[in-house]
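**Q** My file is query_28.txt. It has compact mmCIF, C-alpha atoms:
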# COMPACT_ATOMS: atom_id res chain seq x y z
CA MET N 1 105.15 58.09 -52.23
CA ASN N 2 104.75 61.68 -53.32
CA SER N 3 104.30 63.78 -50.24
CA ASN N 4 102.24 66.25 -52.15
CA GLN N 5 99.69 63.56 -53.03
CA GLU N 6 96.51 63.79 -51.10
CA SER N 7 95.73 60.94 -48.83
CA THR N 8 93.33 58.38 -50.23
CA SER N 9 92.30 56.69 -46.92
CA PRO N 10 88.62 55.76 -46.75
CA GLU N 11 86.18 58.30 -45.36
CA ARG N 12 84.97 57.42 -41.82
CA LYS N 13 81.16 56.79 -41.60
CA PRO N 14 79.29 58.31 -38.74
CA ARG N 15 78.37 55.73 -36.02
CA LYS N 16 74.64 54.93 -35.69
CA ARG N 17 73.08 55.49 -32.33
CA ALA N 18 71.77 52.31 -30.71
CA ARG N 19 67.97 52.49 -30.46
CA LYS N 20 66.29 51.90 -27.19
CA PRO N 21 64.06 48.79 -27.55
CA THR N 22 60.33 49.60 -27.46
CA ALA N 23 57.89 47.41 -25.54
CA ALA N 24 55.56 45.23 -27.64
CA PRO N 25 51.87 46.22 -27.38
CA GLN N 26 50.08 44.25 -24.56
CA SER N 27 47.17 41.94 -25.39
CA TRP N 28 43.78 42.22 -23.61
CA LEU N 29 44.49 38.99 -21.77
CA SER N 30 47.88 40.15 -20.50
CA ARG N 31 46.39 43.44 -19.40
CA HIS N 32 43.58 41.67 -17.52
CA ILE N 33 45.23 38.42 -16.52
CA LEU N 34 44.86 39.09 -12.83
CA GLY N 35 41.16 39.77 -13.17
CA VAL N 36 40.70 36.68 -15.36
CA ALA N 37 42.54 34.57 -12.83
CA ILE N 38 40.39 35.90 -10.03
CA ALA N 39 37.19 35.33 -12.03
CA ALA N 40 38.24 31.80 -12.98
CA THR N 41 39.04 31.01 -9.39
CA ALA N 42 35.71 32.40 -8.27
CA ALA N 43 33.88 30.41 -10.95
CA ALA N 44 35.67 27.22 -9.96
CA ALA N 45 34.88 27.85 -6.32
CA ALA N 46 31.23 28.50 -7.21
CA ALA N 47 31.09 25.31 -9.29
CA ILE N 48 32.60 23.31 -6.46
CA THR N 49 30.13 24.88 -4.02
CA ILE N 50 27.16 24.13 -6.29
CA LEU N 51 28.39 20.58 -6.85
CA ALA N 52 28.82 20.06 -3.14
CA PHE N 53 25.41 21.65 -2.57
CA ALA N 54 23.83 19.19 -5.00
CA VAL N 55 25.59 15.99 -3.98
CA ILE N 56 25.56 16.17 -0.19
CA PRO N 57 23.97 12.83 0.81
CA HIS N 58 20.75 12.64 2.76
CA SER N 59 20.80 11.28 6.29
CA SER N 60 17.34 9.89 7.02
CA SER N 61 15.55 10.14 10.33
CA GLY N 62 14.11 6.63 9.97
CA GLU N 63 15.59 3.22 9.31
CA GLY N 64 14.25 2.80 5.79
CA GLY N 65 14.41 6.43 4.69
CA ASP N 66 12.08 9.41 4.70
CA TRP N 67 8.88 9.70 2.68
CA VAL N 68 7.99 12.88 0.82
CA TYR N 69 4.31 13.31 -0.10
CA ILE N 70 3.32 15.94 -2.66
CA PRO N 71 -0.49 16.20 -2.99
CA ARG N 72 -2.20 16.82 -6.31
CA GLU N 73 -3.32 20.37 -5.48
CA SER N 74 0.11 21.57 -4.29
CA ASN N 75 1.74 24.81 -5.42
CA THR N 76 5.49 25.49 -5.37
CA ALA N 77 5.35 26.78 -1.80
CA ALA N 78 3.56 23.61 -0.69
CA VAL N 79 6.22 21.48 -2.43
CA ARG N 80 8.93 23.41 -0.59
CA ASP N 81 7.16 22.95 2.74
CA SER N 82 6.66 19.22 2.13
CA LEU N 83 10.34 18.77 1.33
CA LYS N 84 11.51 20.71 4.38
CA SER N 85 9.06 18.93 6.67
CA SER N 86 10.05 15.45 5.44
CA LEU N 87 13.79 15.87 4.82
CA GLY N 88 14.73 18.59 7.26
CA SER N 89 15.14 22.27 6.52
CA SER N 90 18.63 22.10 4.99
CA MET N 91 18.23 19.03 2.77
CA GLY N 92 14.67 19.99 1.88
CA MET N 93 15.77 23.42 0.71
CA ARG N 94 18.59 21.96 -1.40
CA VAL N 95 16.17 19.60 -3.13
CA TYR N 96 13.66 22.41 -3.62
CA LEU N 97 16.22 24.73 -5.28
CA MET N 98 17.46 21.94 -7.56
CA TRP N 99 13.85 21.13 -8.47
CA LYS N 100 13.19 24.81 -9.22
CA LEU N 101 16.16 24.87 -11.60
CA MET N 102 14.65 21.87 -13.39
CA GLY N 103 11.40 23.68 -14.17
CA SER N 104 9.34 23.13 -10.99
CA ASP N 105 6.39 21.39 -12.73
CA VAL N 106 4.02 20.81 -9.81
CA SER N 107 1.69 18.49 -11.74
CA ALA N 108 4.57 16.13 -12.54
CA ALA N 109 5.72 16.18 -8.91
CA ASN N 110 2.43 14.83 -7.50
CA GLY N 111 3.18 11.57 -5.68
CA ALA N 112 5.16 9.86 -2.93
CA TYR N 113 8.94 9.53 -2.91
CA LEU N 114 11.10 7.51 -0.55
CA VAL N 115 14.42 9.28 0.02
CA LYS N 116 16.96 6.82 1.37
CA ASP N 117 20.22 7.39 3.20
CA GLY N 118 22.93 8.59 0.83
CA GLN N 119 20.56 9.86 -1.86
CA THR N 120 21.67 13.29 -3.06
CA ALA N 121 19.63 16.46 -3.46
CA LEU N 122 20.25 16.34 -7.21
CA THR N 123 18.99 12.77 -7.55
CA THR N 124 15.96 13.48 -5.38
CA ALA N 125 15.08 16.65 -7.28
CA ARG N 126 15.42 14.84 -10.61
CA ARG N 127 13.07 12.09 -9.44
CA ILE N 128 10.46 14.60 -8.31
CA ALA N 129 10.81 16.66 -11.49
CA THR N 130 10.16 13.57 -13.63
CA GLY N 131 7.49 12.06 -11.36
CA ARG N 132 9.42 8.84 -10.64
CA GLN N 133 7.48 7.83 -7.54
CA THR N 134 8.22 5.05 -5.08
CA PRO N 135 5.37 2.50 -4.95
CA VAL N 136 3.63 2.31 -1.58
CA ARG N 137 2.45 -0.92 0.02
CA VAL N 138 -1.31 -1.03 0.56
CA THR N 139 -2.45 -3.68 3.04
CA PHE N 140 -5.91 -4.52 4.32
CA ASN N 141 -6.33 -7.59 6.51
CA GLY N 142 -8.78 -8.42 9.25
CA VAL N 143 -11.52 -6.06 8.05
CA ARG N 144 -15.18 -6.86 8.35
CA ARG N 145 -17.30 -4.26 6.64
CA PHE N 146 -16.84 -2.83 3.18
CA GLU N 147 -16.71 0.71 4.55
CA GLN N 148 -13.96 -0.36 6.93
CA MET N 149 -11.92 -1.67 4.02
CA ALA N 150 -12.44 1.56 2.07
CA SER N 151 -11.17 3.57 5.02
CA ARG N 152 -8.13 1.31 5.45
CA ILE N 153 -7.17 1.54 1.77
CA ALA N 154 -7.68 5.31 1.62
CA SER N 155 -5.49 5.82 4.68
CA GLN N 156 -2.56 4.50 2.63
CA LEU N 157 -3.24 6.43 -0.60
CA GLU N 158 -3.95 10.00 -1.64
CA CYS N 159 -7.63 9.39 -2.40
CA ASP N 160 -10.13 9.49 0.45
CA SER N 161 -12.55 6.73 1.44
CA ALA N 162 -15.56 8.46 -0.16
CA GLN N 163 -13.76 8.59 -3.51
CA PHE N 164 -12.91 4.90 -3.26
CA VAL N 165 -16.48 3.97 -2.32
CA ASN N 166 -17.86 6.02 -5.22
CA ALA N 167 -15.49 4.25 -7.60
CA CYS N 168 -16.80 0.90 -6.33
CA TYR N 169 -20.38 1.97 -6.96
CA ASP N 170 -19.39 3.09 -10.47
CA ILE N 171 -17.55 -0.12 -11.37
CA LEU N 172 -18.74 -3.17 -9.38
CA PRO N 173 -22.42 -3.30 -10.45
CA SER N 174 -21.35 -3.72 -14.08
CA LYS N 175 -19.21 -6.68 -12.93
CA GLY N 176 -22.18 -8.50 -11.38
CA PHE N 177 -21.96 -7.26 -7.79
CA VAL N 178 -24.64 -5.68 -5.62
CA LYS N 179 -24.00 -3.71 -2.43
CA ALA N 180 -24.30 -6.80 -0.20
CA THR N 181 -21.73 -8.70 -2.27
CA PHE N 182 -19.15 -5.89 -2.65
CA PRO N 183 -16.91 -7.59 -0.02
CA ALA N 184 -16.63 -10.62 -2.33
CA ALA N 185 -14.94 -8.45 -4.97
CA PHE N 186 -11.78 -8.10 -2.88
CA ILE N 187 -9.19 -10.35 -1.30
CA PRO N 188 -7.15 -9.04 1.64
CA ASP N 189 -3.43 -8.93 0.94
CA SER N 190 -0.55 -6.49 0.44
CA TYR N 191 -0.54 -4.65 -2.87
CA GLU N 192 1.74 -2.08 -4.48
CA PHE N 193 0.28 1.16 -5.84
CA TYR N 194 1.52 4.62 -6.59
CA TRP N 195 0.29 6.87 -3.80
CA SER N 196 -1.40 9.18 -6.32
CA ALA N 197 -3.30 6.32 -8.05
CA ALA N 198 -6.83 7.27 -9.13
CA PRO N 199 -9.58 5.47 -7.12
CA ASP N 200 -11.04 3.73 -10.19
CA ASN N 201 -7.59 2.35 -11.07
CA VAL N 202 -7.27 0.99 -7.55
CA VAL N 203 -10.65 -0.76 -7.79
CA TYR N 204 -9.83 -2.28 -11.19
CA ARG N 205 -6.46 -3.52 -9.94
CA LEU N 206 -7.94 -5.14 -6.82
CA LEU N 207 -10.75 -6.69 -8.84
CA ASP N 208 -8.23 -8.06 -11.33
CA TYR N 209 -6.29 -9.70 -8.51
CA ARG N 210 -9.49 -11.33 -7.22
CA ASN N 211 -10.35 -12.57 -10.71
CA ARG N 212 -6.87 -14.06 -11.14
CA PHE N 213 -7.33 -15.93 -7.84
CA TRP N 214 -10.24 -17.77 -9.42
CA THR N 215 -8.29 -20.22 -11.58
CA ASP N 216 -9.98 -22.92 -13.63
CA ASP N 217 -9.15 -25.44 -10.88
CA ARG N 218 -10.81 -23.35 -8.18
CA LEU N 219 -13.84 -22.68 -10.37
CA ALA N 220 -14.21 -26.43 -10.91
CA LYS N 221 -14.10 -27.04 -7.15
CA ALA N 222 -16.79 -24.41 -6.57
CA ARG N 223 -19.02 -26.02 -9.20
CA ARG N 224 -18.65 -29.41 -7.51
CA LEU N 225 -19.82 -27.84 -4.26
CA GLY N 226 -22.72 -26.19 -6.05
CA LEU N 227 -21.55 -22.71 -5.03
CA SER N 228 -20.88 -19.50 -6.95
CA LYS N 229 -17.74 -17.45 -6.31
CA VAL N 230 -19.73 -15.03 -4.16
CA GLU N 231 -21.26 -17.90 -2.17
CA VAL N 232 -17.81 -19.35 -1.52
CA ALA N 233 -16.71 -15.94 -0.23
CA THR N 234 -19.84 -15.71 1.94
CA LEU N 235 -19.24 -19.11 3.55
CA ALA N 236 -15.53 -18.34 3.92
CA SER N 237 -16.42 -15.14 5.80
CA ILE N 238 -18.53 -17.14 8.27
CA ILE N 239 -15.84 -19.73 9.02
CA GLU N 240 -13.26 -16.97 9.40
CA GLU N 241 -15.45 -15.42 12.11
CA GLU N 242 -16.16 -18.80 13.70
CA THR N 243 -12.54 -19.73 14.32
CA ALA N 244 -9.24 -17.91 14.44
CA LYS N 245 -7.49 -21.26 14.06
CA ARG N 246 -6.50 -21.56 10.40
CA ASP N 247 -6.00 -25.31 10.65
CA GLU N 248 -9.59 -25.73 11.85
CA ARG N 249 -11.27 -23.68 9.12
CA PRO N 250 -11.55 -26.46 6.49
CA LYS N 251 -13.28 -28.68 9.10
CA VAL N 252 -15.71 -25.88 10.02
CA ALA N 253 -16.36 -25.24 6.33
CA ARG N 254 -17.33 -28.89 5.75
CA LEU N 255 -19.69 -28.76 8.73
CA TYR N 256 -21.63 -25.90 7.14
CA LEU N 257 -21.54 -27.58 3.74
CA ASN N 258 -23.05 -30.68 5.39
CA ARG N 259 -25.85 -28.57 6.85
CA LEU N 260 -26.54 -26.91 3.50
CA GLU N 261 -26.74 -30.31 1.82
CA LYS N 262 -29.30 -31.45 4.42
CA ASP N 263 -31.31 -28.20 4.12
CA MET N 264 -30.54 -27.38 7.75
CA ARG N 265 -30.26 -23.78 8.83
CA LEU N 266 -26.66 -22.82 9.37
CA GLN N 267 -27.35 -21.34 12.83
CA ALA N 268 -23.98 -19.63 12.73
CA ASP N 269 -23.42 -17.30 15.67
CA PRO N 270 -21.24 -14.85 13.69
CA THR N 271 -24.18 -14.09 11.40
CA VAL N 272 -26.21 -13.11 14.47
CA LYS N 273 -23.43 -10.81 15.64
CA PHE N 274 -23.41 -9.22 12.18
CA ALA N 275 -27.21 -8.82 12.25
CA VAL N 276 -27.06 -7.24 15.73
CA GLY N 277 -24.12 -5.09 14.67
CA ASP N 278 -21.91 -6.12 17.59
CA PHE N 279 -19.00 -8.50 17.00
CA SER N 280 -17.84 -8.06 20.60
CA LEU N 281 -20.64 -10.28 21.95
CA ARG N 282 -19.22 -13.13 24.04
CA ARG N 283 -22.57 -14.89 24.60
CA ILE N 284 -25.39 -15.20 22.10
CA LEU N 285 -28.65 -14.93 24.01
CA GLY N 286 -32.24 -15.62 23.03
CA VAL N 287 -32.89 -11.95 22.39
CA HIS N 288 -30.05 -11.90 19.86
CA LEU N 289 -31.35 -14.98 18.06
CA LYS N 290 -34.65 -13.18 17.43
CA THR N 291 -33.00 -10.28 15.57
CA VAL N 292 -34.87 -9.82 12.30
CA SER N 293 -32.32 -9.64 9.51
CA PRO N 294 -31.61 -11.52 6.26
CA TYR N 295 -28.19 -12.21 7.80
CA ASN N 296 -29.57 -14.08 10.82
CA THR N 297 -29.05 -17.73 9.87
CA TYR N 298 -31.07 -18.89 12.89
CA LEU N 299 -34.17 -17.38 11.26
CA ASN N 300 -33.29 -17.78 7.57
CA ALA N 301 -32.33 -20.85 5.57
CA GLY N 302 -29.28 -20.97 3.34
CA LEU N 303 -26.45 -18.49 3.13
CA PRO N 304 -26.86 -14.80 4.03
CA PRO N 305 -27.06 -12.21 1.20
CA GLY N 306 -23.30 -11.64 1.17
CA PRO N 307 -20.09 -11.97 3.16
CA ILE N 308 -20.11 -10.79 6.77
CA ARG N 309 -16.42 -9.87 6.45
CA ILE N 310 -13.84 -9.74 3.66
CA PRO N 311 -12.37 -13.26 3.69
CA GLU N 312 -8.73 -14.07 3.07
CA ALA N 313 -7.57 -16.25 0.19
CA SER N 314 -6.74 -19.06 2.63
CA SER N 315 -10.33 -19.06 3.89
CA LEU N 316 -11.68 -19.30 0.34
CA ASP N 317 -9.42 -22.30 -0.19
CA ALA N 318 -10.59 -23.77 3.14
CA VAL N 319 -14.10 -23.92 1.70
CA LEU N 320 -12.99 -25.25 -1.68
CA ASP N 321 -10.75 -27.92 -0.09
CA ALA N 322 -12.95 -28.80 2.90
CA PRO N 323 -12.28 -32.44 3.91
CA SER N 324 -15.17 -34.87 4.13
CA HIS N 325 -16.60 -35.63 7.61
CA PRO N 326 -20.06 -36.26 9.12
CA PHE N 327 -20.22 -33.45 11.72
CA LEU N 328 -23.26 -31.17 11.87
CA TYR N 329 -22.76 -29.32 15.17
CA MET N 330 -19.93 -27.42 16.83
CA CYS N 331 -19.35 -25.59 20.07
CA ALA N 332 -16.34 -23.73 21.44
CA LYS N 333 -14.18 -25.87 23.72
CA GLU N 334 -14.48 -25.20 27.39
CA ASP N 335 -10.69 -24.85 27.72
CA PHE N 336 -10.89 -21.57 25.73
CA SER N 337 -8.15 -22.81 23.42
CA GLY N 338 -9.95 -21.32 20.45
CA TYR N 339 -10.77 -24.76 19.04
CA HIS N 340 -14.19 -26.45 18.92
CA ASN N 341 -15.89 -29.67 19.92
CA PHE N 342 -17.71 -31.28 16.99
CA ALA N 343 -20.72 -33.56 17.07
CA THR N 344 -22.84 -35.57 14.65
CA ASP N 345 -25.99 -35.50 16.81
CA TYR N 346 -27.81 -32.88 18.82
CA PRO N 347 -27.66 -34.56 22.29
CA THR N 348 -23.84 -34.70 22.09
CA HIS N 349 -23.80 -31.10 20.94
CA GLN N 350 -25.96 -30.09 23.92
CA ALA N 351 -23.56 -31.79 26.31
CA ASN N 352 -20.65 -29.91 24.72
CA ALA N 353 -22.59 -26.66 24.96
CA ARG N 354 -23.39 -27.18 28.65
CA ARG N 355 -19.71 -27.64 29.49
CA TYR N 356 -18.82 -24.47 27.64
CA GLN N 357 -21.64 -22.46 29.25
CA ALA N 358 -20.60 -23.69 32.70
CA GLU N 359 -17.10 -22.37 32.07
CA LEU N 360 -18.51 -19.05 30.89
CA ASN N 361 -20.45 -18.82 34.15
CA ARG N 362 -17.41 -19.78 36.20
CA ARG N 363 -15.40 -17.01 34.52
CA LYS N 364 -18.32 -14.61 34.96
CA ILE N 365 -18.49 -13.87 31.26
CA LYS N 366 -21.84 -12.39 30.32
Once more with this new file: its structure as structure tokens, please.

**A**
Amino acid sequence: MNSNQESTSPERKPRKRARKPTAAPQSWLSRHILGVAIAATAAAAAAITILAFAVIPHSSSGEGGDWVYIPRESNTAAVRDSLKSSLGSSMGMRVYLMWKLMGSDVSAANGAYLVKDGQTALTTARRIATGRQTPVRVTFNGVRRFEQMASRIASQLECDSAQFVNACYDILPSKGFVKATFPAAFIPDSYEFYWSAAPDNVVYRLLDYRNRFWTDDRLAKARRLGLSKVEVATLASIIEEETAKRDERPKVARLYLNRLEKDMRLQADPTVKFAVGDFSLRRILGVHLKTVSPYNTYLNAGLPPGPIRIPEASSLDAVLDAPSHPFLYMCAKEDFSGYHNFATDYPTHQANARRYQAELNRRKIK
């Protein structure tokens, strides 16, 4: 190689400096992830709290549950107070707040609601918000006067007795009843109604039940006895007052039917008590027998103008199914068993009566 020749070795390139890596731009989520996590945790905790708030079960103070009554004229404050009073302050307030979230329609809430053990605030609030009431049982047994029955029914519903009585006066005359026969329009029993039921609806329902009692078979039996439905009820009311022994009522009914057939006055002591206005009388005296009243069957022939009490269905059937026998007289037994001695003739009846009166005297019953 020629030493004078210039070197041809490749030219050395300058080395590039290594760049320092730059951080990628942070997203909004990465910049706020801690806050998001905290918010999510808080939201979850709130949701769990609300869920627990809504689904805590009710523990009732009574065996069957607790009743909540929300009257027709209530406002939201009255609804709250009713809930707290019936369910306790804590549960009542939970139901109230749930109900408020559902719209708090007071008109829809009117009614009675049975809240049982284990029922949640959410379920209870939803029922009240949609007006899904619990039917209440309305019972009237052992009542004598129509006004007494009205008071008993009203004590179990929202309406008062005056409203029920007015509904009867509006409805019953068009169905063939007069004031004296109003008791024949009803049959004592247990019925289911909504607590907020309107009085006229109650009357129609009770009247419908009475009409359904009168089947074709029962109507045929009444015709064979020569009695109307009201007259059957009137006689049934007398025998119900005469004896508390259900097994004796058909026999007592036939006795009075025998007297009616022979055009004899009924001379039923319970009608005198009704005329006097005192069913507590233990002895019927001469002064009582002289009481002037269309209900006094010692002074008036035939049946009284209407029932002297509201007879049960079994008493109506006791009249319709009264067994045949010849007895015309009866007197309470001197053993005070509640049963009666029966007689076909007056002398035997007088002897029975003397024994009973002697026992009254011995026991100093006046």

**Q** I'd like the neighbourhood of Ser280 in chain N as a VMD selection string, where a residue qualifies if any of its atoms comes within 12 Å (using only C-alpha atoms), though same-chain residues fewer than 5 positions away should be ignored.

**A** chain N and resid 241 269 to 270 272 to 274 366

**Q** Find the distance between CA of Ala185 in chain N and CA of Leu206 in chain N and write it in Å to one decimal.

**A**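 That distance, rounded to one decimal, is 8.0 Å.
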
**Q** Could you check which of N:Ile171, N:Thr76, N:Met149, N:Cys331 is closest to Gln350 in chain N, using all atoms listed in the file?

**A** N:Cys331

**Q** Taking (-11.8, 4.6, -5.3) in the file's coordinates, which residues come within 12 Å, counting all atoms listed in the file, written as a VMD selection string?

**A** chain N and resid 147 149 to 155 157 to 172 196 to 207

**Q** Return the single residue from N:Leu114, N:Ala129, N:Met98, N:Leu219 that is closest to Asp317 in chain N, with distances computed using all atoms listed in the file.

**A**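 Looking at the shortest contact to Asp317 in chain N, the residue is N:Leu219.
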
**Q** Looking at only C-alpha atoms, which of N:Ser237, N:Asn300, N:Ser314, N:Thr134 is the one that sits closest to Asp189 in chain N?

**A**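 Checking each candidate against Asp189 in chain N, we get N:Ser314 as the closest.
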
**Q** Just give me the gap between CA of Thr271 in chain N and CA of Tyr298 in chain N in Å, one decimal is fine.

**A** 8.5 Å

**Q** Go through N:Leu285, N:Lys290, N:Val319, N:Glu240 and flag the residue nearest Gly142 in chain N, using only C-alpha atoms for the distances.

**A**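 Of N:Leu285, N:Lys290, N:Val319, N:Glu240, the one nearest Gly142 in chain N, counting only C-alpha atoms, is N:Glu240.
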
**Q** Please determine, counting only C-alpha atoms, which residue among N:Gly176, N:Ala275, N:Lys364, N:Gly306 has the shortest atom-to-atom distance to Ser293 in chain N.

**A** N:Ala275

**Q** I'd like the contact shell of Lys221 in chain N - 12 Å cut-off, all atoms listed in the file, skipping same-chain residues fewer than 6 positions apart - returned as an mmCIF file with C-alpha atoms, in the coordinates of the input.

**A**
data_model
loop_
_atom_site.group_PDB
_atom_site.id
_atom_site.type_symbol
_atom_site.label_atom_id
_atom_site.label_comp_id
_atom_site.auth_asym_id
_atom_site.auth_seq_id
_atom_site.Cartn_x
_atom_site.Cartn_y
_atom_site.Cartn_z
ATOM 1 C CA TRP N 214 -10.240 -17.770 -9.420
ATOM 2 C CA THR N 215 -8.290 -20.220 -11.580
ATOM 3 C CA LEU N 227 -21.550 -22.710 -5.030
ATOM 4 C CA SER N 228 -20.880 -19.500 -6.950
ATOM 5 C CA LYS N 229 -17.740 -17.450 -6.310
ATOM 6 C CA VAL N 232 -17.810 -19.350 -1.520
ATOM 7 C CA LEU N 316 -11.680 -19.300 0.340
ATOM 8 C CA ASP N 317 -9.420 -22.300 -0.190
ATOM 9 C CA ALA N 318 -10.590 -23.770 3.140
ATOM 10 C CA VAL N 319 -14.100 -23.920 1.700
ATOM 11 C CA LEU N 320 -12.990 -25.250 -1.680
ATOM 12 C CA ASP N 321 -10.750 -27.920 -0.090
ATOM 13 C CA ALA N 322 -12.950 -28.800 2.900
#

**Q** Hey, what's within 12 Å of Gly64 in chain N if we count all atoms listed in the file and toss same-chain stuff fewer than 6 positions away? As a PyMOL selection string, please?

**A** chain N and resi 114-118
